[in-house]
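For reference, the structure is listed below as structure tokens.
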Amino acid sequence: MSFVPAHQAPPSTPVSFSGDRGEFRWLVERGAGLELITAGFYRFWLATDIRRHLWSHTSVDGDAAEYTGRGRELLIGFLFALAILVPIYLAYFIVGLEVERFKAFASFPLFLFFYVFGQFAIYRARRYRLTRTVWRGVRFWMDGSGWAYAARAALWGLLMLPTLGLILPWREAALERYKMRHCYYGDLPGSFEGRGWELFKRGWWLWLLAVLSAVMPFMLWPLAKIVPGMLPIAKIAPFISLVLLLAAPFIYGVFKAVEWRWWLSGIRFGDVRFESGLLRGALVGLYWKVIGWFLLILVLFATYLFACAGLLVGISDLSSAAASLRGSVPMIVLAAVGYLAIILAVNVVMRVYLLRDVWARLMASTTVHNIEAAANVSARGELANALGEGFADGLDIAGF
């Protein structure tokens, strides 16, 4: 006769990701080519294909998610967003031309407006993506006010500068609590249990490194004038700055891993709980690979420009080549083509490493507890329009 403990822990289910990396790479490479042909408008369909690939290969308890969004929805939302954003840009530009002395005054209100507008877009973009996400036939959805969220984000943002960013963990926790308490899976309400203090404990040393890397090179020489023993250290300030600069991808990679683990472990839907075991160094290599690819692309671009110059004027006489290339229309066209190729190549690299690979590592580290609590969920909620996603795309703050 077996004995079952009265307080048995809820069963856990690992999240699995089965997406093929080569298939994803071909998807984004093909998409980059179509972006070039369509002057960038294919990106709405590419974003949809990327999400559909990631969602459909992510399984919980044997069932994969489904993304039902459409590229046409994103395009329409983007066009509506442009109809609102373009007049604002034009009004600011006209004010700057007509009344030059008001231009500096107008800069801060414009920045504040777009910051608040960007936060509104972030909230509405998540709402759109959730309502296009289905699991086991039940859709996620979201209510709440994007403007209320933007106001909260702006108030927290006012505290960022005087605290040198130290308030960031509490800001992230407060904003995520607001978003998650308005998220639902059918009739199962969401919540966020992460606390700012928990994130601070995990990453305070990263904040300290970031602050030191920003202010140390500027502090050494003033300190050397006061403390004679600091002079030898001040003389190697450029070397220290270089070391801190090289360490930036490491610091940021570790910070993102800590933040993702904290965020995933705080998500709740009713009694369903998520937990992440992502290691601190899990994402560092991905950021270094992106930097390596970026440097390689720059070298290839420089080689391409040199080859184009050689084809146009011959490389035997560099002085006459420089003179003949000045204002050359064919050279300008070739350089523009190369520049577009750089942008598309960088986008491919970032989508492979910072979208697909980050997603794969996040999912591999995630476990869902008490998934049975989502077994008898009733469908609720309505589809949201893509206007918020359009704002996010127009302000270049779109995410997964």
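Residues in the structure tokens are named by chain (A, B, ... in the order shown) and by number from 1 within that chain; ligands are numbered from 1 in the order shown.
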### Query
What residues in range 15-99 of chain A get the DSSP label strand (DSSP E)? Please answer as a PyMOL selection string.
chain A and resi 15-17+58-60+63-67
### Message
Show me, as a list in words, the residues that have an atom within 8 Å of Tyr184 in chain A when counting only C-alpha atoms, minus same-chain residues fewer than 4 positions from it.
### Response
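Returned residues: Phe140, Trp141, Met142, Leu188, Pro189, Gly190 and Phe269 of chain A.
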### Message
With only C-alpha atoms as the counted atoms, please give the residues lying no more than 10 Å from Tyr178 in chain A, apart from itself and same-chain residues fewer than 5 positions off, as a list of chain:residue names.
### Response
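Neighbouring residues, sequence-local ones excluded: A:Gly144, A:Ser145, A:Ala148, A:Tyr149, A:Arg152, A:Ala173, A:Cys183, A:Ser191, A:Phe192.
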Output C-alpha atoms for every residue in that selection, as an mmCIF file, in the first residue's frame.
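To be explicit, this is the file written out as result.cif:
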data_model
loop_
_atom_site.group_PDB
_atom_site.id
_atom_site.type_symbol
_atom_site.label_atom_id
_atom_site.label_comp_id
_atom_site.auth_asym_id
_atom_site.auth_seq_id
_atom_site.Cartn_x
_atom_site.Cartn_y
_atom_site.Cartn_z
ATOM 1 C CA GLY A 144 -6.397 47.640 -18.944
ATOM 2 C CA SER A 145 -5.386 51.096 -20.105
ATOM 3 C CA ALA A 148 -2.505 54.441 -17.367
ATOM 4 C CA TYR A 149 0.513 52.197 -17.910
ATOM 5 C CA ARG A 152 3.106 54.936 -14.390
ATOM 6 C CA ALA A 173 8.499 44.989 -10.879
ATOM 7 C CA CYS A 183 -3.418 39.518 -18.671
ATOM 8 C CA SER A 191 -0.322 38.021 -11.913
ATOM 9 C CA PHE A 192 3.328 38.783 -11.296
#
### Message
I'd like to know which of A:Gly157, A:Gly186, A:Gly33, A:Gly69 is closest to Arg139 in chain A, using only C-alpha atoms.
### Response
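Under the stated criterion, the closest residue is A:Gly186.
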### Query
Can you tell me how far CA of Val290 in chain A sits from CA of Asp357 in chain A, in Å to one decimal?
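Computed distance, CA of Val290 in chain A to CA of Asp357 in chain A, equals 11.5 Å.
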### Task
From a DSSP pass on the backbone, collect the residues of range 129-180 of chain A flagged as helix (DSSP H, G or I) and hand them back as a list in words.
Arg129, Leu130, Thr131, Gly146, Trp147, Ala148, Tyr149, Ala150, Ala151, Arg152, Ala153, Ala154, Leu155, Trp156, Gly157, Leu158, Leu168, Pro169, Trp170, Arg171, Glu172, Ala173, Ala174, Leu175, Glu176, Arg177, Tyr178, Lys179 and Met180 of chain A
Can I get the selected residues back with N, CA and C atoms, as a PDB file, in the first residue's frame?
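What landed in result_17.pdb:
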ATOM      1  N   ARG A 129      -0.199  41.026 -29.258  1.00  0.00           N
ATOM      2  CA  ARG A 129       0.462  39.721 -29.375  1.00  0.00           C
ATOM      3  C   ARG A 129      -0.233  38.663 -28.526  1.00  0.00           C
ATOM      4  N   LEU A 130      -0.699  39.048 -27.344  1.00  0.00           N
ATOM      5  CA  LEU A 130      -1.402  38.082 -26.491  1.00  0.00           C
ATOM      6  C   LEU A 130      -2.695  37.602 -27.136  1.00  0.00           C
ATOM      7  N   THR A 131      -3.459  38.523 -27.715  1.00  0.00           N
ATOM      8  CA  THR A 131      -4.734  38.118 -28.299  1.00  0.00           C
ATOM      9  C   THR A 131      -4.544  37.307 -29.583  1.00  0.00           C
ATOM     10  N   GLY A 146      -3.648  51.461 -21.742  1.00  0.00           N
ATOM     11  CA  GLY A 146      -2.278  51.758 -22.160  1.00  0.00           C
ATOM     12  C   GLY A 146      -1.795  53.099 -21.650  1.00  0.00           C
ATOM     13  N   TRP A 147      -2.714  54.078 -21.554  1.00  0.00           N
ATOM     14  CA  TRP A 147      -2.313  55.400 -21.064  1.00  0.00           C
ATOM     15  C   TRP A 147      -2.029  55.369 -19.563  1.00  0.00           C
ATOM     16  N   ALA A 148      -2.784  54.578 -18.809  1.00  0.00           N
ATOM     17  CA  ALA A 148      -2.505  54.441 -17.367  1.00  0.00           C
ATOM     18  C   ALA A 148      -1.133  53.816 -17.160  1.00  0.00           C
ATOM     19  N   TYR A 149      -0.818  52.812 -17.991  1.00  0.00           N
ATOM     20  CA  TYR A 149       0.513  52.197 -17.910  1.00  0.00           C
ATOM     21  C   TYR A 149       1.590  53.208 -18.271  1.00  0.00           C
ATOM     22  N   ALA A 150       1.364  54.004 -19.336  1.00  0.00           N
ATOM     23  CA  ALA A 150       2.355  54.994 -19.764  1.00  0.00           C
ATOM     24  C   ALA A 150       2.601  56.035 -18.679  1.00  0.00           C
ATOM     25  N   ALA A 151       1.528  56.449 -17.980  1.00  0.00           N
ATOM     26  CA  ALA A 151       1.684  57.421 -16.890  1.00  0.00           C
ATOM     27  C   ALA A 151       2.533  56.839 -15.767  1.00  0.00           C
ATOM     28  N   ARG A 152       2.292  55.584 -15.422  1.00  0.00           N
ATOM     29  CA  ARG A 152       3.106  54.936 -14.390  1.00  0.00           C
ATOM     30  C   ARG A 152       4.576  54.850 -14.818  1.00  0.00           C
ATOM     31  N   ALA A 153       4.790  54.471 -16.071  1.00  0.00           N
ATOM     32  CA  ALA A 153       6.163  54.365 -16.577  1.00  0.00           C
ATOM     33  C   ALA A 153       6.860  55.720 -16.545  1.00  0.00           C
ATOM     34  N   ALA A 154       6.131  56.795 -16.884  1.00  0.00           N
ATOM     35  CA  ALA A 154       6.728  58.130 -16.872  1.00  0.00           C
ATOM     36  C   ALA A 154       7.099  58.560 -15.457  1.00  0.00           C
ATOM     37  N   LEU A 155       6.230  58.274 -14.495  1.00  0.00           N
ATOM     38  CA  LEU A 155       6.527  58.646 -13.108  1.00  0.00           C
ATOM     39  C   LEU A 155       7.736  57.883 -12.584  1.00  0.00           C
ATOM     40  N   TRP A 156       7.817  56.593 -12.892  1.00  0.00           N
ATOM     41  CA  TRP A 156       8.992  55.825 -12.488  1.00  0.00           C
ATOM     42  C   TRP A 156      10.240  56.332 -13.220  1.00  0.00           C
ATOM     43  N   GLY A 157      10.061  56.745 -14.486  1.00  0.00           N
ATOM     44  CA  GLY A 157      11.199  57.245 -15.251  1.00  0.00           C
ATOM     45  C   GLY A 157      11.807  58.501 -14.650  1.00  0.00           C
ATOM     46  N   LEU A 158      10.983  59.316 -14.000  1.00  0.00           N
ATOM     47  CA  LEU A 158      11.497  60.533 -13.360  1.00  0.00           C
ATOM     48  C   LEU A 158      12.478  60.220 -12.238  1.00  0.00           C
ATOM     49  N   LEU A 168      15.716  50.946 -10.920  1.00  0.00           N
ATOM     50  CA  LEU A 168      15.258  50.116 -12.037  1.00  0.00           C
ATOM     51  C   LEU A 168      14.563  48.823 -11.602  1.00  0.00           C
ATOM     52  N   PRO A 169      15.101  48.031 -10.668  1.00  0.00           N
ATOM     53  CA  PRO A 169      14.408  46.782 -10.291  1.00  0.00           C
ATOM     54  C   PRO A 169      12.988  47.008  -9.790  1.00  0.00           C
ATOM     55  N   TRP A 170      12.783  48.043  -8.977  1.00  0.00           N
ATOM     56  CA  TRP A 170      11.449  48.325  -8.455  1.00  0.00           C
ATOM     57  C   TRP A 170      10.536  48.872  -9.555  1.00  0.00           C
ATOM     58  N   ARG A 171      11.105  49.623 -10.490  1.00  0.00           N
ATOM     59  CA  ARG A 171      10.322  50.098 -11.632  1.00  0.00           C
ATOM     60  C   ARG A 171       9.831  48.917 -12.475  1.00  0.00           C
ATOM     61  N   GLU A 172      10.748  47.999 -12.785  1.00  0.00           N
ATOM     62  CA  GLU A 172      10.373  46.847 -13.607  1.00  0.00           C
ATOM     63  C   GLU A 172       9.314  45.999 -12.915  1.00  0.00           C
ATOM     64  N   ALA A 173       9.461  45.807 -11.613  1.00  0.00           N
ATOM     65  CA  ALA A 173       8.499  44.989 -10.879  1.00  0.00           C
ATOM     66  C   ALA A 173       7.116  45.642 -10.861  1.00  0.00           C
ATOM     67  N   ALA A 174       7.067  46.942 -10.612  1.00  0.00           N
ATOM     68  CA  ALA A 174       5.781  47.634 -10.542  1.00  0.00           C
ATOM     69  C   ALA A 174       5.069  47.639 -11.897  1.00  0.00           C
ATOM     70  N   LEU A 175       5.816  47.914 -12.964  1.00  0.00           N
ATOM     71  CA  LEU A 175       5.198  47.958 -14.288  1.00  0.00           C
ATOM     72  C   LEU A 175       4.758  46.571 -14.740  1.00  0.00           C
ATOM     73  N   GLU A 176       5.555  45.553 -14.414  1.00  0.00           N
ATOM     74  CA  GLU A 176       5.179  44.196 -14.809  1.00  0.00           C
ATOM     75  C   GLU A 176       3.956  43.719 -14.024  1.00  0.00           C
ATOM     76  N   ARG A 177       3.837  44.121 -12.781  1.00  0.00           N
ATOM     77  CA  ARG A 177       2.640  43.757 -12.005  1.00  0.00           C
ATOM     78  C   ARG A 177       1.391  44.354 -12.643  1.00  0.00           C
ATOM     79  N   TYR A 178       1.503  45.607 -13.104  1.00  0.00           N
ATOM     80  CA  TYR A 178       0.338  46.225 -13.738  1.00  0.00           C
ATOM     81  C   TYR A 178      -0.034  45.479 -15.023  1.00  0.00           C
ATOM     82  N   LYS A 179       0.970  45.140 -15.844  1.00  0.00           N
ATOM     83  CA  LYS A 179       0.681  44.441 -17.096  1.00  0.00           C
ATOM     84  C   LYS A 179       0.089  43.053 -16.835  1.00  0.00           C
ATOM     85  N   MET A 180       0.695  42.313 -15.924  1.00  0.00           N
ATOM     86  CA  MET A 180       0.269  40.929 -15.732  1.00  0.00           C
ATOM     87  C   MET A 180      -1.099  40.829 -15.057  1.00  0.00           C
TER      88      MET A 180
END
### Nearest residue to Val272 in chain A from the set A:Val349, A:Val211, A:Leu82, A:Val377 (distances using only C-alpha atoms)
A:Val377
### Task
Find the residues near Thr367 in chain A: any atom within 12 Å, counting only C-alpha atoms, skip ones fewer than 4 places away on the same chain, and give them as number ranges by chain.
A: 10-16, 59-61, 261, 264-265, 267, 272-278, 362-363, 371
### Top pick for closest residue to Gly338 in chain A, considering A:Thr163, A:Asn370, A:Thr303, A:Ser365 and counting only C-alpha atoms
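That would be A:Thr303, the residue with the smallest distance to Gly338 in chain A.
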### Task
Would you please work out which residue, of A:Thr48, A:Asp187, A:Val258, A:Phe41, is nearest to Trp205 in chain A when using only C-alpha atoms?
A:Val258
### Query
Neighbours of Phe117 in chain A within 9 Å (only C-alpha atoms; same-chain residues fewer than 3 positions away dropped), as JSON, numbers by chain?
{"A": [112, 113, 114, 120, 121, 122, 147, 150, 391, 395]}
### Task
Using CA of Lys201 in chain A and CA of Leu161 in chain A as the two end points, give the distance in Å to one decimal.
20.5 Å
